file data-v2.cif (mmCIF, C-alpha atoms)
data_run
loop_
_atom_site.label_atom_id
_atom_site.label_comp_id
_atom_site.auth_asym_id
_atom_site.auth_seq_id
_atom_site.Cartn_x
_atom_site.Cartn_y
_atom_site.Cartn_z
CA MET A 18 -55.52 17.10 75.83
CA LYS A 19 -57.76 16.33 72.85
CA ILE A 20 -56.68 13.61 70.44
CA ALA A 21 -56.60 13.87 66.64
CA VAL A 22 -55.81 11.24 64.02
CA VAL A 23 -54.56 12.53 60.66
CA THR A 24 -53.94 10.29 57.65
CA GLY A 25 -51.44 10.76 54.83
CA THR A 26 -48.94 12.78 56.86
CA SER A 27 -45.53 12.20 55.28
CA THR A 28 -45.72 15.43 53.27
CA GLY A 29 -47.97 18.32 52.31
CA ILE A 30 -51.38 18.89 53.82
CA GLY A 31 -51.18 15.97 56.23
CA LEU A 32 -47.80 17.04 57.60
CA ALA A 33 -48.87 20.67 57.95
CA THR A 34 -52.16 19.71 59.59
CA SER A 35 -50.47 17.42 62.10
CA LEU A 36 -48.15 20.22 63.18
CA HIS A 37 -50.88 22.87 63.25
CA LEU A 38 -53.25 20.78 65.36
CA ALA A 39 -50.44 19.81 67.71
CA ALA A 40 -49.53 23.49 68.10
CA ASN A 41 -53.12 24.25 69.04
CA GLY A 42 -53.86 21.84 71.83
CA TYR A 43 -54.14 18.41 70.21
CA ARG A 44 -52.15 15.26 70.71
CA VAL A 45 -51.76 14.06 67.13
CA PHE A 46 -51.41 10.52 65.87
CA ALA A 47 -50.04 10.95 62.36
CA GLY A 48 -50.71 8.01 60.07
CA MET A 49 -48.48 7.26 57.12
CA ARG A 50 -48.04 4.23 54.93
CA ASN A 51 -44.26 4.33 54.67
CA LEU A 52 -42.50 5.05 57.95
CA ASP A 53 -39.24 5.60 56.06
CA LYS A 54 -40.72 8.99 55.15
CA ALA A 55 -41.46 9.99 58.76
CA GLY A 56 -38.28 12.04 59.24
CA PRO A 57 -39.51 15.50 58.18
CA LEU A 58 -42.61 15.36 60.38
CA GLN A 59 -40.81 13.87 63.36
CA ASP A 60 -37.97 16.39 63.09
CA ALA A 61 -40.36 19.35 62.85
CA ALA A 62 -42.42 18.13 65.80
CA THR A 63 -39.33 17.52 67.92
CA GLU A 64 -37.84 20.90 67.07
CA ARG A 65 -41.04 22.65 68.15
CA GLY A 66 -41.76 20.38 71.11
CA LEU A 67 -45.11 19.28 69.69
CA PRO A 68 -47.07 16.14 70.72
CA VAL A 69 -47.03 14.24 67.41
CA GLU A 70 -46.69 10.46 67.29
CA VAL A 71 -46.21 8.82 63.90
CA VAL A 72 -48.08 5.54 63.44
CA ALA A 73 -47.98 3.10 60.56
CA MET A 74 -51.23 3.26 58.62
CA ASP A 75 -52.03 2.05 55.13
CA VAL A 76 -55.65 3.10 54.57
CA ASN A 77 -55.99 0.40 51.92
CA GLU A 78 -55.44 -2.35 54.51
CA GLN A 79 -58.06 -2.95 57.21
CA ALA A 80 -55.59 -4.57 59.61
CA SER A 81 -53.26 -1.58 59.33
CA VAL A 82 -56.11 0.86 59.99
CA ASP A 83 -57.30 -1.16 62.98
CA ALA A 84 -53.81 -1.29 64.49
CA ALA A 85 -53.22 2.44 64.06
CA PHE A 86 -56.50 3.44 65.66
CA ALA A 87 -55.88 1.02 68.52
CA VAL A 88 -52.68 2.92 69.29
CA ALA A 89 -54.55 6.25 69.25
CA ARG A 90 -57.46 4.98 71.36
CA ALA A 91 -55.04 3.73 74.00
CA ALA A 92 -54.32 7.39 74.71
CA GLY A 93 -58.00 8.30 75.04
CA PRO A 94 -61.10 8.96 72.94
CA ILE A 95 -60.47 10.33 69.46
CA ASP A 96 -61.86 13.84 69.12
CA VAL A 97 -60.89 14.59 65.52
CA LEU A 98 -60.30 12.47 62.43
CA VAL A 99 -58.75 14.13 59.38
CA ASN A 100 -59.08 11.97 56.26
CA ASN A 101 -56.27 13.34 54.12
CA ALA A 102 -54.59 10.31 52.52
CA GLY A 103 -55.08 10.40 48.76
CA VAL A 104 -53.60 9.63 45.36
CA GLY A 105 -54.02 11.42 42.05
CA GLY A 106 -53.53 11.07 38.32
CA ALA A 107 -54.45 12.79 35.07
CA THR A 108 -55.47 10.75 32.05
CA PRO A 109 -58.60 10.69 29.84
CA LEU A 110 -61.00 7.93 30.80
CA GLU A 111 -60.42 5.95 27.60
CA LEU A 112 -56.72 5.71 28.47
CA THR A 113 -57.04 5.08 32.22
CA PRO A 114 -56.42 1.43 33.16
CA GLU A 115 -59.21 0.02 35.29
CA ASP A 116 -56.80 -0.99 38.06
CA GLU A 117 -55.66 2.65 38.39
CA HIS A 118 -59.28 3.78 38.51
CA ARG A 119 -60.04 1.30 41.27
CA ALA A 120 -56.86 2.19 43.16
CA MET A 121 -57.94 5.82 43.39
CA PHE A 122 -61.27 4.79 44.88
CA ASP A 123 -59.55 2.35 47.23
CA THR A 124 -57.44 5.12 48.74
CA ASN A 125 -59.44 8.32 48.25
CA TYR A 126 -62.86 6.91 49.11
CA PHE A 127 -62.76 3.49 50.74
CA GLY A 128 -59.64 4.39 52.74
CA ALA A 129 -61.52 7.32 54.26
CA ILE A 130 -64.58 5.14 54.92
CA LYS A 131 -62.42 2.63 56.82
CA CYS A 132 -61.15 5.42 59.05
CA ILE A 133 -64.61 6.89 59.58
CA LYS A 134 -65.95 3.52 60.67
CA ALA A 135 -63.08 3.25 63.14
CA VAL A 136 -64.29 6.34 65.05
CA VAL A 137 -67.95 6.92 64.29
CA ALA A 138 -69.56 4.64 66.87
CA ASP A 139 -67.53 6.09 69.72
CA MET A 140 -68.18 9.66 68.59
CA ARG A 141 -71.90 8.95 68.34
CA GLU A 142 -72.00 7.40 71.80
CA ARG A 143 -70.04 10.29 73.34
CA ARG A 144 -72.06 12.81 71.32
CA ALA A 145 -68.85 14.61 70.45
CA GLY A 146 -66.20 14.66 67.76
CA THR A 147 -65.38 15.96 64.30
CA ILE A 148 -64.70 14.12 61.05
CA VAL A 149 -62.84 16.11 58.40
CA ASN A 150 -62.72 14.87 54.82
CA VAL A 151 -60.05 16.52 52.69
CA THR A 152 -61.58 16.21 49.25
CA SER A 153 -60.70 18.67 46.47
CA MET A 154 -62.22 21.37 44.31
CA GLU A 155 -62.60 18.39 41.98
CA GLY A 156 -65.06 16.98 44.50
CA LEU A 157 -67.26 19.93 43.56
CA VAL A 158 -66.50 20.30 39.84
CA ALA A 159 -65.88 17.21 37.71
CA ILE A 160 -62.68 17.87 35.79
CA PRO A 161 -62.00 16.30 32.37
CA ASN A 162 -58.74 14.36 32.07
CA GLN A 163 -59.08 13.48 35.78
CA ILE A 164 -62.30 11.47 35.81
CA ALA A 165 -61.11 8.75 38.20
CA TYR A 166 -59.76 11.30 40.67
CA SER A 167 -62.79 13.58 40.38
CA ALA A 168 -65.20 10.68 40.79
CA SER A 169 -63.44 9.43 43.92
CA LYS A 170 -63.54 12.90 45.45
CA TRP A 171 -67.20 13.38 44.48
CA ALA A 172 -67.91 10.09 46.22
CA LEU A 173 -66.21 11.29 49.40
CA GLU A 174 -68.05 14.62 49.17
CA ALA A 175 -71.34 12.77 48.95
CA ALA A 176 -70.47 10.49 51.84
CA GLY A 177 -69.49 13.48 53.97
CA GLU A 178 -72.69 15.36 53.19
CA ALA A 179 -74.91 12.39 53.97
CA LEU A 180 -72.90 11.46 57.07
CA ALA A 181 -73.19 15.02 58.36
CA HIS A 182 -76.96 14.60 58.17
CA GLU A 183 -76.86 11.18 59.88
CA LEU A 184 -74.70 12.36 62.76
CA CYS A 185 -76.18 15.82 63.33
CA GLN A 186 -78.62 14.55 65.95
CA PHE A 187 -75.72 13.04 67.90
CA GLY A 188 -73.68 16.25 68.06
CA VAL A 189 -70.92 14.97 65.77
CA ARG A 190 -69.59 17.45 63.21
CA VAL A 191 -68.66 16.35 59.66
CA VAL A 192 -66.95 18.80 57.30
CA ASN A 193 -65.57 18.61 53.77
CA VAL A 194 -62.47 20.68 53.01
CA GLU A 195 -61.89 21.30 49.28
CA PRO A 196 -58.43 22.61 48.40
CA GLY A 197 -57.64 23.89 44.96
CA VAL A 198 -54.13 23.44 43.62
CA VAL A 199 -51.82 23.22 46.64
CA MET A 200 -48.04 23.02 46.54
CA THR A 201 -47.62 19.41 47.66
CA GLN A 202 -45.93 16.20 46.51
CA ILE A 203 -49.16 14.70 45.14
CA PHE A 204 -48.23 15.90 41.66
CA ASN A 205 -44.85 14.16 41.76
CA ASN A 206 -46.40 11.07 43.31
CA SER A 207 -49.09 10.90 40.63
CA ALA A 208 -46.68 11.35 37.71
CA PRO A 209 -46.79 7.65 36.73
CA LYS A 210 -50.58 7.95 36.39
CA THR A 211 -50.39 11.16 34.35
CA ARG A 212 -50.17 10.75 30.60
CA TYR A 213 -49.65 13.47 28.04
CA ASP A 214 -49.39 12.47 24.39
CA LYS A 215 -49.15 15.13 21.70
CA GLN A 216 -50.52 12.62 19.20
CA SER A 217 -53.59 11.78 21.28
CA PRO A 218 -57.08 12.82 20.11
CA TYR A 219 -57.43 14.16 23.66
CA LYS A 220 -54.36 16.38 23.46
CA ASN A 221 -56.38 19.61 23.85
CA ILE A 222 -58.09 18.30 26.98
CA MET A 223 -54.76 17.16 28.39
CA ARG A 224 -53.06 20.48 27.65
CA ARG A 225 -55.88 22.57 29.13
CA ASN A 226 -55.90 20.46 32.26
CA GLY A 227 -52.20 21.18 32.58
CA LYS A 228 -52.83 24.91 32.17
CA MET A 229 -55.37 24.81 34.98
CA PHE A 230 -52.72 23.38 37.31
CA ALA A 231 -50.09 25.82 36.06
CA SER A 232 -52.45 28.64 36.99
CA GLY A 233 -52.88 27.10 40.42
CA PHE A 234 -49.11 26.85 40.89
CA ARG A 235 -48.83 30.58 40.22
CA SER A 236 -51.23 31.20 43.09
CA ASN A 237 -48.77 29.36 45.37
CA THR A 238 -51.28 28.11 47.93
CA GLN A 239 -49.34 26.36 50.66
CA PRO A 240 -50.38 23.31 52.73
CA GLU A 241 -50.35 25.45 55.86
CA ARG A 242 -53.34 27.38 54.56
CA VAL A 243 -55.32 24.15 54.29
CA ALA A 244 -54.22 23.19 57.81
CA GLU A 245 -55.45 26.53 59.14
CA THR A 246 -58.79 26.00 57.40
CA ILE A 247 -59.13 22.52 58.90
CA PHE A 248 -58.52 23.92 62.37
CA GLU A 249 -61.10 26.66 61.79
CA ALA A 250 -63.65 24.13 60.54
CA ILE A 251 -63.09 22.04 63.69
CA THR A 252 -63.29 24.89 66.18
CA THR A 253 -65.70 27.47 64.77
CA GLU A 254 -68.98 27.89 66.63
CA THR A 255 -70.79 28.43 63.33
CA TYR A 256 -71.02 25.09 61.53
CA LYS A 257 -70.41 24.95 57.80
CA LEU A 258 -70.28 21.76 55.72
CA ARG A 259 -67.99 22.84 52.88
CA TRP A 260 -64.69 24.70 53.14
CA PRO A 261 -63.05 25.49 49.77
CA VAL A 262 -59.42 26.62 50.08
CA GLY A 263 -57.69 28.84 47.54
CA ALA A 264 -58.89 31.35 44.98
CA ASP A 265 -59.09 28.65 42.30
CA ALA A 266 -61.30 26.41 44.44
CA ILE A 267 -63.60 29.29 45.34
CA GLY A 268 -63.74 30.48 41.72
CA MET A 269 -64.51 26.99 40.41
CA LEU A 270 -67.22 26.37 43.00
CA GLU A 271 -68.97 29.69 42.58
CA GLY A 272 -68.62 29.75 38.80
CA ARG A 273 -69.85 26.21 38.28
CA ARG A 274 -72.90 26.83 40.47
CA GLN A 275 -73.91 29.69 38.21
CA MET A 276 -73.23 27.85 34.94
CA ALA A 277 -75.72 25.68 33.12
CA ASP A 278 -74.59 22.07 32.83
CA GLU A 279 -74.76 22.27 29.05
CA ASP A 280 -72.49 25.33 29.00
CA TRP A 281 -69.88 23.47 31.03
CA VAL A 282 -70.07 20.49 28.68
CA ALA A 283 -69.83 22.80 25.65
CA MET A 284 -66.45 24.06 26.90
CA GLY A 285 -65.13 20.68 25.79
CA GLY A 286 -66.08 21.48 22.21
CA ASP A 287 -63.84 22.38 19.30
CA LEU A 288 -62.58 25.70 20.70
CA THR A 289 -59.32 27.47 20.11
CA ASP A 290 -57.12 27.91 23.18
CA GLU A 291 -57.97 31.60 23.17
CA GLU A 292 -61.72 30.90 23.12
CA TYR A 293 -61.40 28.32 25.87
CA ALA A 294 -59.28 30.61 28.06
CA ALA A 295 -61.75 33.46 27.63
CA ARG A 296 -64.69 31.27 28.66
CA TYR A 297 -62.70 29.92 31.61
CA LYS A 298 -61.84 33.40 32.80
CA ALA A 299 -65.43 34.59 32.46
CA ALA A 300 -66.84 31.60 34.32
CA PHE A 301 -64.28 31.05 37.06
CA ASP A 302 -62.14 34.21 37.18
CA ILE A 303 -59.03 32.10 36.57
CA ASP A 304 -56.37 33.03 34.02
CA LEU A 305 -55.04 30.04 32.09
#
call {"tool": "encode", "arguments": {"input": "data-v2.cif", "output": "structure tokens"}}
result
Amino acid sequence: MKIAVVTGTSTGIGLATSLHLAANGYRVFAGMRNLDKAGPLQDAATERGLPVEVVAMDVNEQASVDAAFAVARAAGPIDVLVNNAGVGGATPLELTPEDEHRAMFDTNYFGAIKCIKAVVADMRERRAGTIVNVTSMEGLVAIPNQIAYSASKWALEAAGEALAHELCQFGVRVVNVEPGVVMTQIFNNSAPKTRYDKQSPYKNIMRRNGKMFASGFRSNTQPERVAETIFEAITTETYKLRWPVGADAIGMLEGRRQMADEDWVAMGGDLTDEEYAARYKAAFDIDL
């Protein structure tokens, strides 16, 4: 049985991916920082008779990462790594404390790099394996009011693209999966790092960012859809680097590619909500 390690599995995409991979022939080692939150995943796996083992893993701590991967490697070579652990937040750059900015990079970027380095040498030597980076549509389109989050996801996108090139000759597959707005707990978890102030000079940016997410919520994309995409990216015979998930992610990616940089910047100008919504719809086919 092939072995997969998935990070950030207490809820959402990580939980769904652990179950989906386990239902499709993988023995899954599901990493999570707080084992007190392991109940839902363990109960679901037990109910369905799936080979999922929860392991303690804080991707911000090297010793924790090393210990978790040692447990997985004791069962055999790791065939798949899914870098899913992440944190979010929504605040204009001027108002984002530097420690919060760094914390997002520590988890979203450096946490993934720690995990990659835990498997890459063995995958290279075996000339087999897949590394999946769960980034975001914000790893493809830099979103105002979420600069720290966007930048961390862009960094992981860049690392994945370059690593795919480095490892191609060794038969190791690297893919980036870019969900749009998905119905997960990340929004509740990031609430302390989300600031909306009606008196702020950035209030329009804050409000429009909120409308983007409200539109995504209406689409109701579930974590299971991301899990299915991850499995397809792992198993398809036709390699593809980037895998956007959800109509909003696809619309943002395709629309931004066709838009001049200056036109995107100009959308941050002094527009009425109606003007902004019309431009957004025309560019990305998304109703705010």
call {"tool": "residues_around", "arguments": {"input": "data-v2.cif", "residues": "range 295-305 of chain A", "least_positions_apart": "2", "cutoff": "10 Å", "atoms": "all atoms listed in the file", "output": "NGL selection string"}}
result
:A and (225-233 or 264-276 or 280-281 or 284 or 288-293)
call {"tool": "write_last_selection", "arguments": {"input": "data-v2.cif", "atoms": "C-alpha atoms", "output": "PDB file, in the coordinates of the input"}}
result
ATOM      1  CA  ARG A 225     -55.880  22.570  29.130  1.00  0.00           C
ATOM      2  CA  ASN A 226     -55.900  20.460  32.260  1.00  0.00           C
ATOM      3  CA  GLY A 227     -52.200  21.180  32.580  1.00  0.00           C
ATOM      4  CA  LYS A 228     -52.830  24.910  32.170  1.00  0.00           C
ATOM      5  CA  MET A 229     -55.370  24.810  34.980  1.00  0.00           C
ATOM      6  CA  PHE A 230     -52.720  23.380  37.310  1.00  0.00           C
ATOM      7  CA  ALA A 231     -50.090  25.820  36.060  1.00  0.00           C
ATOM      8  CA  SER A 232     -52.450  28.640  36.990  1.00  0.00           C
ATOM      9  CA  GLY A 233     -52.880  27.100  40.420  1.00  0.00           C
ATOM     10  CA  ALA A 264     -58.890  31.350  44.980  1.00  0.00           C
ATOM     11  CA  ASP A 265     -59.090  28.650  42.300  1.00  0.00           C
ATOM     12  CA  ALA A 266     -61.300  26.410  44.440  1.00  0.00           C
ATOM     13  CA  ILE A 267     -63.600  29.290  45.340  1.00  0.00           C
ATOM     14  CA  GLY A 268     -63.740  30.480  41.720  1.00  0.00           C
ATOM     15  CA  MET A 269     -64.510  26.990  40.410  1.00  0.00           C
ATOM     16  CA  LEU A 270     -67.220  26.370  43.000  1.00  0.00           C
ATOM     17  CA  GLU A 271     -68.970  29.690  42.580  1.00  0.00           C
ATOM     18  CA  GLY A 272     -68.620  29.750  38.800  1.00  0.00           C
ATOM     19  CA  ARG A 273     -69.850  26.210  38.280  1.00  0.00           C
ATOM     20  CA  ARG A 274     -72.900  26.830  40.470  1.00  0.00           C
ATOM     21  CA  GLN A 275     -73.910  29.690  38.210  1.00  0.00           C
ATOM     22  CA  MET A 276     -73.230  27.850  34.940  1.00  0.00           C
ATOM     23  CA  ASP A 280     -72.490  25.330  29.000  1.00  0.00           C
ATOM     24  CA  TRP A 281     -69.880  23.470  31.030  1.00  0.00           C
ATOM     25  CA  MET A 284     -66.450  24.060  26.900  1.00  0.00           C
ATOM     26  CA  LEU A 288     -62.580  25.700  20.700  1.00  0.00           C
ATOM     27  CA  THR A 289     -59.320  27.470  20.110  1.00  0.00           C
ATOM     28  CA  ASP A 290     -57.120  27.910  23.180  1.00  0.00           C
ATOM     29  CA  GLU A 291     -57.970  31.600  23.170  1.00  0.00           C
ATOM     30  CA  GLU A 292     -61.720  30.900  23.120  1.00  0.00           C
ATOM     31  CA  TYR A 293     -61.400  28.320  25.870  1.00  0.00           C
TER      32      TYR A 293
END
call {"tool": "closest_atom_pairs", "arguments": {"input": "data-v2.cif", "of": "range 44-107 of chain A", "to": "range 129-147 of chain A", "cutoff": "10 Å", "atoms": "all atoms listed in the file", "output": "CSV"}}
result
residue,atom,partner,partner_atom,distance
A:Val76,CA,A:Lys131,CA,7.1
A:Asn77,CA,A:Lys131,CA,8.4
A:Glu78,CA,A:Lys131,CA,8.9
A:Gln79,CA,A:Lys131,CA,7.1
A:Val82,CA,A:Cys132,CA,6.9
A:Asp83,CA,A:Ala135,CA,7.3
A:Ala85,CA,A:Cys132,CA,9.8
A:Phe86,CA,A:Ala135,CA,7.0
A:Ala87,CA,A:Ala135,CA,9.3
A:Arg90,CA,A:Val136,CA,9.4
A:Pro94,CA,A:Asp139,CA,7.7
A:Ile95,CA,A:Val136,CA,7.1
A:Asp96,CA,A:Gly146,CA,4.6
A:Val97,CA,A:Thr147,CA,4.9
A:Leu98,CA,A:Thr147,CA,6.4
A:Val99,CA,A:Thr147,CA,8.5
A:Asn100,CA,A:Ala129,CA,5.6
A:Asn101,CA,A:Ala129,CA,8.0
A:Ala102,CA,A:Ala129,CA,7.7
A:Gly103,CA,A:Ala129,CA,9.0
call {"tool": "atom_distance", "arguments": {"input": "data-v2.cif", "atom1": "CA of Asn237 in chain A", "atom2": "CA of Gly156 in chain A"}}
result
20.5 Å
call {"tool": "residues_around", "arguments": {"input": "data-v2.cif", "residues": "Glu174 in chain A", "least_positions_apart": "2", "cutoff": "12 Å", "atoms": "only C-alpha atoms", "output": "number ranges by chain"}}
result
A: 100, 125-126, 129-130, 149-159, 167-172, 176-181, 191-195, 258-261
call {"tool": "write_last_selection", "arguments": {"input": "data-v2.cif", "atoms": "C-alpha atoms", "output": "short mmCIF file (atom, residue, chain, number, x, y, z; two decimals), keeping the file's coordinate frame"}}
result
data_model
loop_
_atom_site.label_atom_id
_atom_site.label_comp_id
_atom_site.auth_asym_id
_atom_site.auth_seq_id
_atom_site.Cartn_x
_atom_site.Cartn_y
_atom_site.Cartn_z
CA ASN A 100 -59.08 11.97 56.26
CA ASN A 125 -59.44 8.32 48.25
CA TYR A 126 -62.86 6.91 49.11
CA ALA A 129 -61.52 7.32 54.26
CA ILE A 130 -64.58 5.14 54.92
CA VAL A 149 -62.84 16.11 58.40
CA ASN A 150 -62.72 14.87 54.82
CA VAL A 151 -60.05 16.52 52.69
CA THR A 152 -61.58 16.21 49.25
CA SER A 153 -60.70 18.67 46.47
CA MET A 154 -62.22 21.37 44.31
CA GLU A 155 -62.60 18.39 41.98
CA GLY A 156 -65.06 16.98 44.50
CA LEU A 157 -67.26 19.93 43.56
CA VAL A 158 -66.50 20.30 39.84
CA ALA A 159 -65.88 17.21 37.71
CA SER A 167 -62.79 13.58 40.38
CA ALA A 168 -65.20 10.68 40.79
CA SER A 169 -63.44 9.43 43.92
CA LYS A 170 -63.54 12.90 45.45
CA TRP A 171 -67.20 13.38 44.48
CA ALA A 172 -67.91 10.09 46.22
CA ALA A 176 -70.47 10.49 51.84
CA GLY A 177 -69.49 13.48 53.97
CA GLU A 178 -72.69 15.36 53.19
CA ALA A 179 -74.91 12.39 53.97
CA LEU A 180 -72.90 11.46 57.07
CA ALA A 181 -73.19 15.02 58.36
CA VAL A 191 -68.66 16.35 59.66
CA VAL A 192 -66.95 18.80 57.30
CA ASN A 193 -65.57 18.61 53.77
CA VAL A 194 -62.47 20.68 53.01
CA GLU A 195 -61.89 21.30 49.28
CA LEU A 258 -70.28 21.76 55.72
CA ARG A 259 -67.99 22.84 52.88
CA TRP A 260 -64.69 24.70 53.14
CA PRO A 261 -63.05 25.49 49.77
#
call {"tool": "closest_residue", "arguments": {"input": "data-v2.cif", "among": "A:Ala80, A:Gly56, A:Val198, A:Tyr219", "to": "Arg235 in chain A", "atoms": "all atoms listed in the file"}}
result
A:Val198
call {"tool": "atom_distance", "arguments": {"input": "data-v2.cif", "atom1": "CA of Val45 in chain A", "atom2": "CA of Glu64 in chain A"}}
result
15.5 Å
call {"tool": "closest_residue", "arguments": {"input": "data-v2.cif", "among": "A:Asp123, A:Ala39, A:Asp214, A:Gly197", "to": "Thr63 in chain A", "atoms": "only C-alpha atoms"}}
result
A:Ala39
call {"tool": "closest_residue", "arguments": {"input": "data-v2.cif", "among": "A:Cys185, A:Ala277, A:Ala120, A:Ala61", "to": "Tyr256 in chain A", "atoms": "all atoms listed in the file"}}
result
A:Cys185
call {"tool": "atom_distance", "arguments": {"input": "data-v2.cif", "atom1": "CA of Glu115 in chain A", "atom2": "CA of Ile160 in chain A"}}
result
18.2 Å
call {"tool": "resolve_selection", "arguments": {"input": "data-v2.cif", "expression": "the PyMOL selection byres ((chain A and resi 240-248) around 9)", "output": "number ranges by chain"}}
result
A: 29-38, 41, 99, 149, 151, 192, 194-196, 199-201, 238-239, 249-253, 260-263
call {"tool": "write_last_selection", "arguments": {"input": "data-v2.cif", "atoms": "C-alpha atoms", "output": "mmCIF file, keeping the file's coordinate frame"}}
result
data_model
loop_
_atom_site.group_PDB
_atom_site.id
_atom_site.type_symbol
_atom_site.label_atom_id
_atom_site.label_comp_id
_atom_site.auth_asym_id
_atom_site.auth_seq_id
_atom_site.Cartn_x
_atom_site.Cartn_y
_atom_site.Cartn_z
ATOM 1 C CA GLY A 29 -47.970 18.320 52.310
ATOM 2 C CA ILE A 30 -51.380 18.890 53.820
ATOM 3 C CA GLY A 31 -51.180 15.970 56.230
ATOM 4 C CA LEU A 32 -47.800 17.040 57.600
ATOM 5 C CA ALA A 33 -48.870 20.670 57.950
ATOM 6 C CA THR A 34 -52.160 19.710 59.590
ATOM 7 C CA SER A 35 -50.470 17.420 62.100
ATOM 8 C CA LEU A 36 -48.150 20.220 63.180
ATOM 9 C CA HIS A 37 -50.880 22.870 63.250
ATOM 10 C CA LEU A 38 -53.250 20.780 65.360
ATOM 11 C CA ASN A 41 -53.120 24.250 69.040
ATOM 12 C CA VAL A 99 -58.750 14.130 59.380
ATOM 13 C CA VAL A 149 -62.840 16.110 58.400
ATOM 14 C CA VAL A 151 -60.050 16.520 52.690
ATOM 15 C CA VAL A 192 -66.950 18.800 57.300
ATOM 16 C CA VAL A 194 -62.470 20.680 53.010
ATOM 17 C CA GLU A 195 -61.890 21.300 49.280
ATOM 18 C CA PRO A 196 -58.430 22.610 48.400
ATOM 19 C CA VAL A 199 -51.820 23.220 46.640
ATOM 20 C CA MET A 200 -48.040 23.020 46.540
ATOM 21 C CA THR A 201 -47.620 19.410 47.660
ATOM 22 C CA THR A 238 -51.280 28.110 47.930
ATOM 23 C CA GLN A 239 -49.340 26.360 50.660
ATOM 24 C CA GLU A 249 -61.100 26.660 61.790
ATOM 25 C CA ALA A 250 -63.650 24.130 60.540
ATOM 26 C CA ILE A 251 -63.090 22.040 63.690
ATOM 27 C CA THR A 252 -63.290 24.890 66.180
ATOM 28 C CA THR A 253 -65.700 27.470 64.770
ATOM 29 C CA TRP A 260 -64.690 24.700 53.140
ATOM 30 C CA PRO A 261 -63.050 25.490 49.770
ATOM 31 C CA VAL A 262 -59.420 26.620 50.080
ATOM 32 C CA GLY A 263 -57.690 28.840 47.540
#
call {"tool": "closest_residue", "arguments": {"input": "data-v2.cif", "among": "A:Ile148, A:Val88, A:Leu173, A:Ser81", "to": "Met121 in chain A", "atoms": "all atoms listed in the file"}}
result
A:Leu173
call {"tool": "closest_residue", "arguments": {"input": "data-v2.cif", "among": "A:Ala73, A:Leu58, A:Leu52, A:Ala92", "to": "Ile20 in chain A", "atoms": "only C-alpha atoms"}}
result
A:Ala92
call {"tool": "residues_near_point", "arguments": {"input": "data-v2.cif", "point": "(-60.9, 13.1, 26.0)", "cutoff": "10 Å", "atoms": "all atoms listed in the file", "output": "JSON list (two decimals) with C-alpha atoms, keeping the file's coordinate frame"}}
result
[["chain", "number", "residue", "atom", "x", "y", "z"],
["A", 108, "THR", "CA", -55.47, 10.75, 32.05],
["A", 109, "PRO", "CA", -58.60, 10.69, 29.84],
["A", 110, "LEU", "CA", -61.00, 7.93, 30.80],
["A", 111, "GLU", "CA", -60.42, 5.95, 27.60],
["A", 112, "LEU", "CA", -56.72, 5.71, 28.47],
["A", 161, "PRO", "CA", -62.00, 16.30, 32.37],
["A", 162, "ASN", "CA", -58.74, 14.36, 32.07],
["A", 163, "GLN", "CA", -59.08, 13.48, 35.78],
["A", 217, "SER", "CA", -53.59, 11.78, 21.28],
["A", 218, "PRO", "CA", -57.08, 12.82, 20.11],
["A", 219, "TYR", "CA", -57.43, 14.16, 23.66],
["A", 220, "LYS", "CA", -54.36, 16.38, 23.46],
["A", 221, "ASN", "CA", -56.38, 19.61, 23.85],
["A", 222, "ILE", "CA", -58.09, 18.30, 26.98],
["A", 223, "MET", "CA", -54.76, 17.16, 28.39],
["A", 285, "GLY", "CA", -65.13, 20.68, 25.79]]
call {"tool": "axis_aligned_box", "arguments": {"input": "data-v2.cif", "around": "range 170-176 of chain A", "padding_each_side": "8 Å", "output": "AutoDock Vina command-line options"}}
result
--center_x -67.4 --center_y 12.4 --center_z 48.2 --size_x 23.8 --size_y 20.5 --size_z 23.4
call {"tool": "closest_residue", "arguments": {"input": "data-v2.cif", "among": "A:Ala84, A:Val282, A:Ala175, A:Val71", "to": "Pro57 in chain A", "atoms": "all atoms listed in the file"}}
result
A:Val71
call {"tool": "resolve_selection", "arguments": {"input": "data-v2.cif", "expression": "the PyMOL selection byres ((chain A and resi 68) around 9)", "output": "list of chain:residue names"}}
result
A:Leu36, A:Ala39, A:Ala40, A:Gly42, A:Tyr43, A:Arg44, A:Val45, A:Phe46, A:Ala62, A:Thr63, A:Gly66, A:Leu67, A:Val69, A:Glu70
